[in-house]
Amino acid sequence: MVTAADRLRDAAGLAGCHARPPAAPDEIDGVMPAVVLEPAGVVDVAEALRWASSTRLSVVVRCAGSKDGWGRPPRDVDVLLRTTRLDRILAHEADDLTATVEAGARLHDVNRALATRGQFLPFDPPDAHLATIGGVLATNDAGPWRHRHGTSRDRLIGMTVVMPDGLVSSSGGRVVKNVAGYDLGRLMVGSHGSLAVIVSATFKLSPVPPDTRTLRIRANRPTDVSALLDQLRQRQCEPDAFEAHVAHGAADEVVVLVRYGSVTAAIDDACRETRACADLIGAATATASGDDADAWWRAHEAAGAHPDRVQLRLSWKPAAFAQATEFLTRVAGDIAFDWIGRVAVGSGVLSLGGDDVEAQARIIRALRTSDVFGHVVITRAAASLRRLVDVWAPTRGQLALWPALKAACDPHDTLGAGRGPL
Amino acid sequence: MTPPAPRTVGPPGFLETLRGIVGAAHVHTDPQALLAYECDALSHARALPGVVVLPAEAREVQRVVIACAEAGVPFVARGHGTGLSGGAQPVADGVVIVLSRLTRILHVDLPNQLITVEPGVTNLAITQHVAPFGYYYAPDPSSQQVCSIGGNVAENSGGAHCLKYGFTVHHVAAVQAVLPDGRLVEIGSDLADEPGPGLLALLIGSEGTLAVITRVTVRLLRRPATVRTLLAAFDSVDAGGHVVSDVIAAGIVPAAIEMMDALAIEAAEAAVHPDFPRAAAILIVELDGPGAEVEAHFAQVLDLCRRRGSTHIDVAADDAQRARIWKGRKAAFAAMGRVSPNYYVQDGVVPRSRLSEVLGRIRALEASSGLRIANVFHAGDGNLHPLICYDASVPGETDRAAAVATEILAYCLEAGGSLTGEHGVGVDKACSMPKMFSPDDLAAMQRVRRAFDPAMLCNPGKLFPTPRLCGEVPGPYRAHATEIAGVADRW
């Protein structure tokens, strides 16, 4: 019988991996790993994985752990590989609007550094102050910036990963336009560390807009939200973000936040147009910038992130926002919920209250089989609920391809400890 | 004389099986008919297929692939044959699956800004279909009149406006595809942000080596409120190159920045008389978006051009003038035939901040090699398209041009760039892949390929270096039929 102490002794031989016994914060969804490794460079990551895969150990990758609720309940975890020490900005080519960053670098720190040259990575997932580059990529998580800038997959131009057998592989490159070879980087985005370990990535950056302003619009009914969005399109307004918050029991009022970022004159025009559109639907409008606007955005994010509720990530048909609201209100019954998200994209998060896992499971199944919602992924829930309904619910296309892809990249099932998606 | 033995493809009964699927009229084995499919727009890379089949719909494509998989016969999917890297070059004696009969527009969903089409629909047809409603499909490869959307997906096509709007991969929501084992699958969906690894992004740009695309759903964009275009002349290529990085560093992302040098301008003038100023270099900068933003950025770009000593600036006053500028830009390649009997075209990419440096090296190479090199390219993306002019009838000149082409590629890679920005690897640059990727990088890609196609039947011999392929020297550029007809160009 190999004990955790044996594992630790073996791992101690891996120079540069900083092997140590686990502490309380290293617990993974209720499972304590045998050993924690904190490699500082790509060579160390490769050595750690070579050791783990050749010894048939299971490895879970984590950095800050801000998205740790994602995934199925894990099997035994031998190794927790923390990317905390892979935290460097390897290059910032400001004249080229690109940057190469290690996976463990915090988004917040990266953006502070990029801001000195008026640039940024336009990712604002929930808990952005904790989120790391590797975590954002591995989960393909996003926030309100998604409206204009897409997800991290859209901004990625190159990636270096280590495959479970220690093979170090780079794909893409450091230029914004490049079609040489398979796009393994974009493939890895959303794979939750189940195919390879992301070590570093290169992104196309965005210029920080010279000015920003937010409008808060209280729409009287969900159909008004779609009408507002349609009006803005007709008038060729180009917001940076267009978010809605639908709360349980208050579905007749939808709070919409619209943010513009551009030169001041363009923002003046856009805000004027937007207020005119809001007037057409009889919605009350307020405008803010700076700290006041930040407070609105924080409250908006917090509304979808009750710490003691079930949390789902989900998508919907953008034009069916009103039907989606009606459907959600009906299936939720008396279970409290908050639904926030990108109206024009059709993606966001839903937090579900209550403590009846059967009822919560029913709602999740209903959402998954509905005509308007889809891609319903459980991102935080009690293990009991996650045993009742699958966390991922892959599509038929995914079921056709995932097993072969997993077998090709991770033949000994080294990565993920069964948490999925692959 | 005995007549030539009838060509055999695959095991006995294979051709009959294909005829049973698509109908005898849509199965070609006559060598004369096969000739039309022996290459794509990389016209020097030729191979005669054993059979060409033209299915009418996805289920037929699926059955053809199943037949190939069962018979162990390699197959290559082909759209409209406008690819520039030989991605649709047949496997000798294999099957070519031509998708040009799959041309239906299946579903238009304007409220959700989506359109679903069959792969043989042309890029431009999509935009034309939705233009009356104020929408368009953003990627605009120069061959957009004739290239197929299925081919765009295979190659992750770009175009002049991908500087701001991205490539095919940024605009495809879903595809239906036949896997090499014959399974018909949906990848992606009408809904955003499908969880899990980016299978759709992997398929896009995989050059037909992972699946055959049978249906494509793309996102549509709303036309921007304002478009403004300027043309600025400079007395050095260097100055133009600096303006590109100045603009990017100023936080401006134009819709397009294109550059032409003196030789390219000369050729364009000879062909379509766009009335470009005689200069060492011109930049074409186009901005779009909300009016006030475009005006502010436009003023900044004008200022940056003047600071770098622009000798002449034309601002397009209306759509007609903008069209004239673009016509001159787009005519440059086809017009090169007027200044040189033969030329190589390249597709390397450099970081935008290194443009001036690499263009300087190319100029020095031009002087030392004695071969003229025209530059007409997507400067905003750093995507070079140097045209190396030579005369194949002069002994040794073809080889010299090939050596110059190789040298330029090395400059791009030394500057941290890429082998190809938009034309793809195909057979054309497969042998150069090891210059950009390590053996381990390529091994990881091969693992993924085998996950999709363990039997290696789906467009084999492309994208990755093979000993057979890389023992051969690539030939010179020859004009493709569509170029000669003037309906496509090559950048």
# chains A, B, ... in the order shown; residues from 1 in each chain; ligands from 1
$ residues_around --residues "Ala142 of chain A" --least-positions-apart "3" --cutoff "7 Å" --atoms "only C-alpha atoms" --output "ChimeraX atom specification"
/A:123-125,146,151
$ residues_around --residues "Trp51 of chain A" --least-positions-apart "2" --cutoff "12 Å" --atoms "only C-alpha atoms" --output "ChimeraX atom specification"
/A:7,10-15,17,37,44-49,53-59,78-79,164-166,414
$ interface_residues --of "chain A" --to "chain B" --cutoff "7 Å" --atoms "only C-alpha atoms" --output "short mmCIF file (atom, residue, chain, number, x, y, z; two decimals) with N, CA and C atoms, in the first residue's frame"
data_model
loop_
_atom_site.label_atom_id
_atom_site.label_comp_id
_atom_site.auth_asym_id
_atom_site.auth_seq_id
_atom_site.Cartn_x
_atom_site.Cartn_y
_atom_site.Cartn_z
N ALA A 94 3.86 46.11 -26.61
CA ALA A 94 2.81 47.13 -26.66
C ALA A 94 2.57 47.64 -28.08
N ASP A 95 3.64 47.79 -28.86
CA ASP A 95 3.47 48.29 -30.23
C ASP A 95 2.80 47.25 -31.12
N ASP A 96 2.71 46.05 -30.61
CA ASP A 96 2.09 44.98 -31.38
C ASP A 96 0.76 44.56 -30.77
N LEU A 97 0.44 45.14 -29.61
CA LEU A 97 -0.82 44.86 -28.91
C LEU A 97 -0.94 43.36 -28.55
N ASP A 154 -11.31 33.62 -27.98
CA ASP A 154 -11.28 34.54 -29.11
C ASP A 154 -10.04 35.41 -29.12
N LEU A 167 5.34 15.81 -22.65
CA LEU A 167 5.62 16.44 -23.95
C LEU A 167 5.24 17.93 -23.88
N VAL A 168 6.20 18.78 -24.18
CA VAL A 168 5.94 20.22 -24.17
C VAL A 168 5.56 20.64 -25.59
N SER A 169 4.42 21.26 -25.72
CA SER A 169 3.91 21.57 -27.05
C SER A 169 3.44 23.01 -27.13
N SER A 170 3.95 23.72 -28.13
CA SER A 170 3.46 25.07 -28.41
C SER A 170 2.68 25.05 -29.71
N SER A 171 1.64 25.83 -29.74
CA SER A 171 0.87 25.97 -30.99
C SER A 171 0.52 27.43 -31.15
N GLY A 173 1.16 31.14 -32.17
CA GLY A 173 2.40 31.90 -32.22
C GLY A 173 2.26 33.18 -31.44
N ARG A 174 3.04 34.19 -31.81
CA ARG A 174 3.00 35.46 -31.10
C ARG A 174 2.55 36.59 -32.02
N VAL A 175 2.06 36.23 -33.18
CA VAL A 175 1.53 37.25 -34.09
C VAL A 175 0.01 37.09 -34.18
N VAL A 176 -0.66 38.21 -34.49
CA VAL A 176 -2.12 38.22 -34.41
C VAL A 176 -2.77 37.45 -35.56
N LYS A 177 -2.01 37.20 -36.61
CA LYS A 177 -2.59 36.50 -37.75
C LYS A 177 -1.70 35.31 -38.07
N ASN A 178 -2.27 34.11 -38.08
CA ASN A 178 -1.43 32.93 -38.18
C ASN A 178 -2.33 31.71 -38.34
N VAL A 179 -2.14 30.97 -39.41
CA VAL A 179 -2.96 29.76 -39.60
C VAL A 179 -2.08 28.51 -39.73
N ALA A 180 -0.86 28.60 -39.22
CA ALA A 180 0.04 27.45 -39.37
C ALA A 180 -0.22 26.40 -38.28
N GLY A 181 -0.59 25.21 -38.70
CA GLY A 181 -0.76 24.11 -37.76
C GLY A 181 -2.12 24.09 -37.09
N TYR A 182 -2.37 23.00 -36.35
CA TYR A 182 -3.64 22.91 -35.62
C TYR A 182 -3.68 23.93 -34.51
N ASP A 183 -4.87 24.40 -34.24
CA ASP A 183 -5.07 25.39 -33.19
C ASP A 183 -5.30 24.68 -31.86
N LEU A 184 -4.22 24.07 -31.35
CA LEU A 184 -4.37 23.31 -30.10
C LEU A 184 -4.66 24.23 -28.92
N ARG A 186 -6.65 26.95 -28.82
CA ARG A 186 -8.10 27.15 -28.70
C ARG A 186 -8.80 25.86 -28.32
N LEU A 187 -8.24 24.72 -28.73
CA LEU A 187 -8.82 23.43 -28.31
C LEU A 187 -8.75 23.31 -26.79
N MET A 188 -7.63 23.69 -26.20
CA MET A 188 -7.44 23.53 -24.75
C MET A 188 -8.35 24.45 -23.94
N VAL A 189 -8.73 25.59 -24.54
CA VAL A 189 -9.60 26.51 -23.81
C VAL A 189 -10.94 25.81 -23.54
N GLY A 190 -11.31 25.75 -22.28
CA GLY A 190 -12.55 25.08 -21.90
C GLY A 190 -12.36 23.62 -21.52
N SER A 191 -11.13 23.12 -21.57
CA SER A 191 -10.92 21.70 -21.30
C SER A 191 -10.69 21.42 -19.81
N PRO A 207 -6.95 48.01 -26.57
CA PRO A 207 -6.63 49.31 -25.98
C PRO A 207 -7.65 49.65 -24.89
N GLN A 236 -27.18 51.53 -34.69
CA GLN A 236 -25.76 51.20 -34.86
C GLN A 236 -24.91 51.66 -33.66
N CYS A 237 -25.51 51.59 -32.48
CA CYS A 237 -24.74 51.83 -31.26
C CYS A 237 -23.89 50.59 -30.99
N SER A 262 -15.24 54.56 -25.24
CA SER A 262 -14.74 55.14 -26.49
C SER A 262 -14.22 56.54 -26.18
N VAL A 263 -14.07 57.34 -27.23
CA VAL A 263 -13.77 58.76 -27.01
C VAL A 263 -15.02 59.41 -26.44
N ALA A 265 -16.76 62.06 -27.00
CA ALA A 265 -17.82 62.52 -27.91
C ALA A 265 -18.69 61.35 -28.38
N ALA A 266 -18.05 60.21 -28.63
CA ALA A 266 -18.81 59.04 -29.09
C ALA A 266 -19.69 58.51 -27.97
N SER A 315 -26.56 29.12 -21.44
CA SER A 315 -26.73 29.94 -22.63
C SER A 315 -28.19 29.93 -23.04
N TRP A 316 -28.58 30.87 -23.86
CA TRP A 316 -29.94 30.92 -24.36
C TRP A 316 -29.94 31.61 -25.70
N LYS A 317 -31.06 31.45 -26.41
CA LYS A 317 -31.18 32.14 -27.70
C LYS A 317 -31.37 33.63 -27.41
N PRO A 318 -30.45 34.46 -27.91
CA PRO A 318 -30.51 35.88 -27.54
C PRO A 318 -31.87 36.52 -27.82
N ALA A 319 -32.46 36.19 -28.97
CA ALA A 319 -33.71 36.86 -29.32
C ALA A 319 -34.88 36.33 -28.50
N VAL A 345 -25.49 38.18 -26.43
CA VAL A 345 -24.72 36.96 -26.67
C VAL A 345 -25.56 35.74 -26.33
N GLY A 346 -26.36 35.88 -25.26
CA GLY A 346 -27.12 34.75 -24.76
C GLY A 346 -26.27 33.85 -23.89
N SER A 347 -25.53 34.45 -22.96
CA SER A 347 -24.77 33.61 -22.04
C SER A 347 -24.61 34.32 -20.71
N GLY A 374 -29.70 26.29 -23.08
CA GLY A 374 -28.83 25.17 -23.40
C GLY A 374 -27.48 25.36 -22.74
N HIS A 375 -26.58 24.40 -22.94
CA HIS A 375 -25.22 24.46 -22.37
C HIS A 375 -25.27 24.74 -20.87
N GLY A 397 -22.48 15.49 -30.33
CA GLY A 397 -21.22 15.74 -31.04
C GLY A 397 -20.03 15.60 -30.11
N ALA A 404 -12.17 9.80 -27.80
CA ALA A 404 -10.96 9.63 -28.62
C ALA A 404 -9.96 10.74 -28.35
N LEU A 405 -10.47 11.95 -28.12
CA LEU A 405 -9.59 13.07 -27.83
C LEU A 405 -8.88 12.87 -26.50
N ALA A 408 -6.27 10.24 -26.88
CA ALA A 408 -5.10 10.68 -27.64
C ALA A 408 -4.20 11.58 -26.80
N CYS A 409 -4.81 12.42 -25.97
CA CYS A 409 -4.01 13.39 -25.21
C CYS A 409 -3.60 12.83 -23.85
N PRO A 421 -14.41 17.97 -18.04
CA PRO A 421 -15.46 17.33 -18.85
C PRO A 421 -14.99 16.05 -19.55
#
$ residues_around --residues "Leu195 of chain A" --least-positions-apart "5" --cutoff "7 Å" --atoms "only C-alpha atoms" --output "list in words"
Lys406, Cys409, Asp410 and Leu415 of chain A
$ write_last_selection --atoms "N, CA and C atoms" --output "PDB file, in the first residue's frame"
ATOM      1  N   LYS A 406      -9.641  12.419 -25.512  1.00  0.00           N
ATOM      2  CA  LYS A 406      -9.046  12.146 -24.194  1.00  0.00           C
ATOM      3  C   LYS A 406      -7.993  11.049 -24.326  1.00  0.00           C
ATOM      4  N   CYS A 409      -4.807  12.424 -25.970  1.00  0.00           N
ATOM      5  CA  CYS A 409      -4.008  13.393 -25.208  1.00  0.00           C
ATOM      6  C   CYS A 409      -3.599  12.831 -23.847  1.00  0.00           C
ATOM      7  N   ASP A 410      -4.475  12.073 -23.241  1.00  0.00           N
ATOM      8  CA  ASP A 410      -4.255  11.644 -21.858  1.00  0.00           C
ATOM      9  C   ASP A 410      -4.634  10.174 -21.721  1.00  0.00           C
ATOM     10  N   LEU A 415      -5.002  13.227 -15.913  1.00  0.00           N
ATOM     11  CA  LEU A 415      -5.461  14.561 -15.544  1.00  0.00           C
ATOM     12  C   LEU A 415      -6.945  14.613 -15.192  1.00  0.00           C
TER      13      LEU A 415
END
$ closest_residue --among "B:Ile257, B:Met336, B:Ala138, B:Val218" --to "Glu269 of chain B" --atoms "only C-alpha atoms"
B:Met336
$ select_by_dssp --residues "segment 14-143 of chain B" --states "helix (DSSP H, G or I)" --output "ChimeraX atom specification"
/B:14-22,24-26,31-35,58-71,123-133
$ select_by_dssp --residues "segment 154-209 of chain B" --states "strand (DSSP E)" --output "NGL selection string"
:B and (172-178 or 184-188)
$ write_last_selection --atoms "N, CA and C atoms" --output "compact mmCIF listing (two decimals), in the first residue's frame"
# COMPACT_ATOMS: atom_id res chain seq x y z
N VAL B 172 -17.82 31.62 -36.74
CA VAL B 172 -18.59 30.40 -36.96
C VAL B 172 -19.19 29.95 -35.63
N ALA B 173 -20.49 29.70 -35.65
CA ALA B 173 -21.17 29.24 -34.42
C ALA B 173 -21.22 27.73 -34.35
N ALA B 174 -21.37 27.08 -35.48
CA ALA B 174 -21.54 25.63 -35.47
C ALA B 174 -21.25 25.07 -36.86
N VAL B 175 -20.85 23.81 -36.88
CA VAL B 175 -20.76 23.10 -38.15
C VAL B 175 -21.39 21.72 -37.99
N GLN B 176 -21.83 21.20 -39.10
CA GLN B 176 -22.14 19.78 -39.18
C GLN B 176 -21.01 19.18 -40.00
N ALA B 177 -20.49 18.04 -39.54
CA ALA B 177 -19.32 17.50 -40.22
C ALA B 177 -19.40 15.99 -40.23
N VAL B 178 -18.81 15.39 -41.27
CA VAL B 178 -18.66 13.94 -41.32
C VAL B 178 -17.25 13.61 -40.83
N LEU B 184 -21.77 11.36 -38.62
CA LEU B 184 -22.20 12.73 -38.92
C LEU B 184 -22.47 13.43 -37.59
N VAL B 185 -21.74 14.50 -37.30
CA VAL B 185 -21.87 15.13 -35.98
C VAL B 185 -22.11 16.63 -36.11
N GLU B 186 -22.70 17.18 -35.07
CA GLU B 186 -22.85 18.63 -34.93
C GLU B 186 -21.81 19.09 -33.93
N ILE B 187 -21.06 20.09 -34.29
CA ILE B 187 -20.08 20.64 -33.36
C ILE B 187 -20.37 22.13 -33.23
N GLY B 188 -20.47 22.59 -31.98
CA GLY B 188 -20.95 23.94 -31.76
C GLY B 188 -22.46 23.94 -31.81
$ residues_around --residues "Pro277 of chain B" --least-positions-apart "5" --cutoff "9 Å" --atoms "only C-alpha atoms" --output "ChimeraX atom specification"
/B:232-233,265,282,312
$ write_last_selection --atoms "C-alpha atoms" --output "PDB file, in the first residue's frame"
ATOM      1  CA  ALA B 232      -1.258  58.090 -47.466  1.00  0.00           C
ATOM      2  CA  ALA B 233       1.942  58.154 -49.539  1.00  0.00           C
ATOM      3  CA  ILE B 265       1.728  50.604 -57.219  1.00  0.00           C
ATOM      4  CA  ILE B 282       1.286  53.886 -49.783  1.00  0.00           C
ATOM      5  CA  HIS B 312       0.474  62.988 -49.931  1.00  0.00           C
TER       6      HIS B 312
END
$ residues_around --residues "Glu326 of chain A" --least-positions-apart "4" --cutoff "9 Å" --atoms "only C-alpha atoms" --output "ChimeraX atom specification"
/A:222,251,321-322,330-331
$ write_last_selection --atoms "N, CA and C atoms" --output "PDB file, in the first residue's frame"
ATOM      1  N   PRO A 222     -39.625  41.864 -19.670  1.00  0.00           N
ATOM      2  CA  PRO A 222     -38.525  41.268 -20.453  1.00  0.00           C
ATOM      3  C   PRO A 222     -38.566  41.615 -21.934  1.00  0.00           C
ATOM      4  N   ALA A 251     -39.684  39.381 -11.958  1.00  0.00           N
ATOM      5  CA  ALA A 251     -39.421  39.211 -13.384  1.00  0.00           C
ATOM      6  C   ALA A 251     -40.119  40.258 -14.225  1.00  0.00           C
ATOM      7  N   PHE A 321     -35.063  36.168 -25.252  1.00  0.00           N
ATOM      8  CA  PHE A 321     -34.833  36.549 -23.858  1.00  0.00           C
ATOM      9  C   PHE A 321     -36.142  36.546 -23.058  1.00  0.00           C
ATOM     10  N   ALA A 322     -37.206  37.082 -23.648  1.00  0.00           N
ATOM     11  CA  ALA A 322     -38.475  37.164 -22.916  1.00  0.00           C
ATOM     12  C   ALA A 322     -39.050  35.771 -22.664  1.00  0.00           C
ATOM     13  N   ARG A 330     -41.385  30.094 -14.626  1.00  0.00           N
ATOM     14  CA  ARG A 330     -42.341  29.007 -14.461  1.00  0.00           C
ATOM     15  C   ARG A 330     -41.690  27.781 -13.811  1.00  0.00           C
ATOM     16  N   VAL A 331     -40.527  27.359 -14.340  1.00  0.00           N
ATOM     17  CA  VAL A 331     -39.938  26.118 -13.809  1.00  0.00           C
ATOM     18  C   VAL A 331     -39.331  26.320 -12.415  1.00  0.00           C
TER      19      VAL A 331
END
$ closest_atom_pairs --of "segment 313-374 of chain B" --to "segment 64-86 of chain B" --cutoff "12 Å" --atoms "only C-alpha atoms" --output "tab-separated table"
residue	atom	partner	partner_atom	distance
B:Tyr344	CA	B:Leu84	CA	11.9
B:Val345	CA	B:Leu84	CA	9.7
B:Gln346	CA	B:Leu84	CA	10.1
B:Asp347	CA	B:Leu84	CA	9.8
$ write_last_selection --atoms "C-alpha atoms" --output "PDB file, in the first residue's frame"
ATOM      1  CA  TYR B 344       6.364  33.599 -56.220  1.00  0.00           C
ATOM      2  CA  VAL B 345       3.869  34.755 -53.633  1.00  0.00           C
ATOM      3  CA  GLN B 346       4.406  34.359 -49.934  1.00  0.00           C
ATOM      4  CA  ASP B 347       2.190  34.635 -46.898  1.00  0.00           C
TER       5      ASP B 347
END
$ atom_distance --atom1 "atom CA of Arg419 of chain A" --atom2 "atom CA of His192 of chain A"
8.8 Å
$ closest_residue --among "A:Ser370, A:Thr274, A:Thr285, A:Thr379" --to "Trp70 of chain A" --atoms "only C-alpha atoms"
A:Thr379
$ residues_around --residues "Arg400 of chain B" --least-positions-apart "3" --cutoff "10 Å" --atoms "only C-alpha atoms" --output "PyMOL selection string"
chain B and resi 369-371+388+390+395-397+403-406
$ write_last_selection --atoms "N, CA and C atoms" --output "mmCIF file, in the first residue's frame"
data_model
loop_
_atom_site.group_PDB
_atom_site.id
_atom_site.type_symbol
_atom_site.label_atom_id
_atom_site.label_comp_id
_atom_site.auth_asym_id
_atom_site.auth_seq_id
_atom_site.Cartn_x
_atom_site.Cartn_y
_atom_site.Cartn_z
ATOM 1 N N SER B 369 19.991 39.954 -54.522
ATOM 2 C CA SER B 369 19.599 38.827 -55.368
ATOM 3 C C SER B 369 19.427 39.235 -56.825
ATOM 4 N N GLY B 370 19.216 40.534 -57.037
ATOM 5 C CA GLY B 370 18.967 40.990 -58.395
ATOM 6 C C GLY B 370 17.565 40.692 -58.891
ATOM 7 N N LEU B 371 16.724 40.169 -58.007
ATOM 8 C CA LEU B 371 15.329 39.908 -58.383
ATOM 9 C C LEU B 371 14.442 40.982 -57.763
ATOM 10 N N ILE B 388 7.890 37.732 -55.510
ATOM 11 C CA ILE B 388 9.268 37.671 -56.016
ATOM 12 C C ILE B 388 9.201 37.477 -57.523
ATOM 13 N N TYR B 390 10.449 36.925 -61.307
ATOM 14 C CA TYR B 390 11.559 36.272 -62.009
ATOM 15 C C TYR B 390 11.081 35.843 -63.387
ATOM 16 N N PRO B 395 17.943 30.821 -67.414
ATOM 17 C CA PRO B 395 18.470 29.675 -66.665
ATOM 18 C C PRO B 395 18.891 30.065 -65.248
ATOM 19 N N GLY B 396 18.462 29.286 -64.285
ATOM 20 C CA GLY B 396 18.871 29.501 -62.897
ATOM 21 C C GLY B 396 18.007 30.475 -62.125
ATOM 22 N N GLU B 397 17.200 31.277 -62.828
ATOM 23 C CA GLU B 397 16.449 32.313 -62.130
ATOM 24 C C GLU B 397 15.337 31.722 -61.256
ATOM 25 N N ALA B 403 15.102 30.404 -53.687
ATOM 26 C CA ALA B 403 16.002 30.656 -52.560
ATOM 27 C C ALA B 403 15.631 31.957 -51.857
ATOM 28 N N VAL B 404 15.251 32.973 -52.644
ATOM 29 C CA VAL B 404 14.842 34.255 -52.057
ATOM 30 C C VAL B 404 13.577 34.060 -51.214
ATOM 31 N N ALA B 405 12.640 33.269 -51.740
ATOM 32 C CA ALA B 405 11.394 33.010 -51.010
ATOM 33 C C ALA B 405 11.692 32.348 -49.669
ATOM 34 N N THR B 406 12.580 31.374 -49.684
ATOM 35 C CA THR B 406 12.953 30.681 -48.459
ATOM 36 C C THR B 406 13.595 31.637 -47.461
#
$ decode --residues "segment 2-54 of chain B" --atoms "C-alpha atoms" --output "PDB file, in the first residue's frame"
ATOM      1  CA  THR B   2      -4.097  -2.939 -76.464  1.00  0.00           C
ATOM      2  CA  PRO B   3      -6.275  -0.218 -74.990  1.00  0.00           C
ATOM      3  CA  PRO B   4      -5.140   1.133 -71.598  1.00  0.00           C
ATOM      4  CA  ALA B   5      -6.478  -0.905 -68.711  1.00  0.00           C
ATOM      5  CA  PRO B   6      -9.447   0.740 -67.006  1.00  0.00           C
ATOM      6  CA  ARG B   7      -8.418   2.651 -63.884  1.00  0.00           C
ATOM      7  CA  THR B   8      -9.176   0.834 -60.707  1.00  0.00           C
ATOM      8  CA  VAL B   9      -9.907   2.710 -57.534  1.00  0.00           C
ATOM      9  CA  GLY B  10     -10.290   0.918 -54.270  1.00  0.00           C
ATOM     10  CA  PRO B  11     -11.434  -2.667 -53.967  1.00  0.00           C
ATOM     11  CA  PRO B  12     -13.781  -4.299 -56.491  1.00  0.00           C
ATOM     12  CA  GLY B  13     -17.216  -2.750 -56.424  1.00  0.00           C
ATOM     13  CA  PHE B  14     -16.046   0.511 -54.841  1.00  0.00           C
ATOM     14  CA  LEU B  15     -16.946   2.686 -57.818  1.00  0.00           C
ATOM     15  CA  GLU B  16     -20.311   0.968 -58.081  1.00  0.00           C
ATOM     16  CA  THR B  17     -20.932   1.766 -54.438  1.00  0.00           C
ATOM     17  CA  LEU B  18     -20.143   5.440 -55.075  1.00  0.00           C
ATOM     18  CA  ARG B  19     -22.426   5.498 -58.127  1.00  0.00           C
ATOM     19  CA  GLY B  20     -25.154   3.980 -56.009  1.00  0.00           C
ATOM     20  CA  ILE B  21     -24.819   6.804 -53.494  1.00  0.00           C
ATOM     21  CA  VAL B  22     -24.634   9.904 -55.686  1.00  0.00           C
ATOM     22  CA  GLY B  23     -25.799   8.623 -59.064  1.00  0.00           C
ATOM     23  CA  ALA B  24     -23.565   7.654 -61.978  1.00  0.00           C
ATOM     24  CA  ALA B  25     -23.753  11.166 -63.445  1.00  0.00           C
ATOM     25  CA  HIS B  26     -21.965  12.529 -60.389  1.00  0.00           C
ATOM     26  CA  VAL B  27     -19.069  10.085 -60.340  1.00  0.00           C
ATOM     27  CA  HIS B  28     -16.184  10.933 -62.659  1.00  0.00           C
ATOM     28  CA  THR B  29     -13.398   8.549 -63.594  1.00  0.00           C
ATOM     29  CA  ASP B  30     -12.658   9.736 -67.103  1.00  0.00           C
ATOM     30  CA  PRO B  31      -9.105  11.154 -67.072  1.00  0.00           C
ATOM     31  CA  GLN B  32     -10.230  14.233 -69.000  1.00  0.00           C
ATOM     32  CA  ALA B  33     -12.863  15.013 -66.376  1.00  0.00           C
ATOM     33  CA  LEU B  34     -10.443  14.296 -63.549  1.00  0.00           C
ATOM     34  CA  LEU B  35      -7.974  16.860 -64.905  1.00  0.00           C
ATOM     35  CA  ALA B  36     -10.219  19.681 -63.719  1.00  0.00           C
ATOM     36  CA  TYR B  37      -9.672  18.535 -60.140  1.00  0.00           C
ATOM     37  CA  GLU B  38      -5.962  17.786 -60.125  1.00  0.00           C
ATOM     38  CA  CYS B  39      -5.086  20.970 -58.233  1.00  0.00           C
ATOM     39  CA  ASP B  40      -6.579  23.926 -56.421  1.00  0.00           C
ATOM     40  CA  ALA B  41      -5.287  27.486 -56.871  1.00  0.00           C
ATOM     41  CA  LEU B  42      -1.804  26.306 -55.899  1.00  0.00           C
ATOM     42  CA  SER B  43      -1.685  25.207 -59.459  1.00  0.00           C
ATOM     43  CA  HIS B  44       1.801  23.748 -59.618  1.00  0.00           C
ATOM     44  CA  ALA B  45       0.942  21.085 -57.025  1.00  0.00           C
ATOM     45  CA  ARG B  46      -0.953  18.503 -59.016  1.00  0.00           C
ATOM     46  CA  ALA B  47      -2.073  14.934 -58.594  1.00  0.00           C
ATOM     47  CA  LEU B  48      -4.628  12.986 -60.576  1.00  0.00           C
ATOM     48  CA  PRO B  49      -7.367  11.518 -58.373  1.00  0.00           C
ATOM     49  CA  GLY B  50      -8.814   8.092 -59.053  1.00  0.00           C
ATOM     50  CA  VAL B  51     -12.382   9.268 -58.840  1.00  0.00           C
ATOM     51  CA  VAL B  52     -14.283  12.491 -58.245  1.00  0.00           C
ATOM     52  CA  VAL B  53     -17.696  12.334 -56.597  1.00  0.00           C
ATOM     53  CA  LEU B  54     -20.161  15.174 -56.344  1.00  0.00           C
TER      54      LEU B  54
END
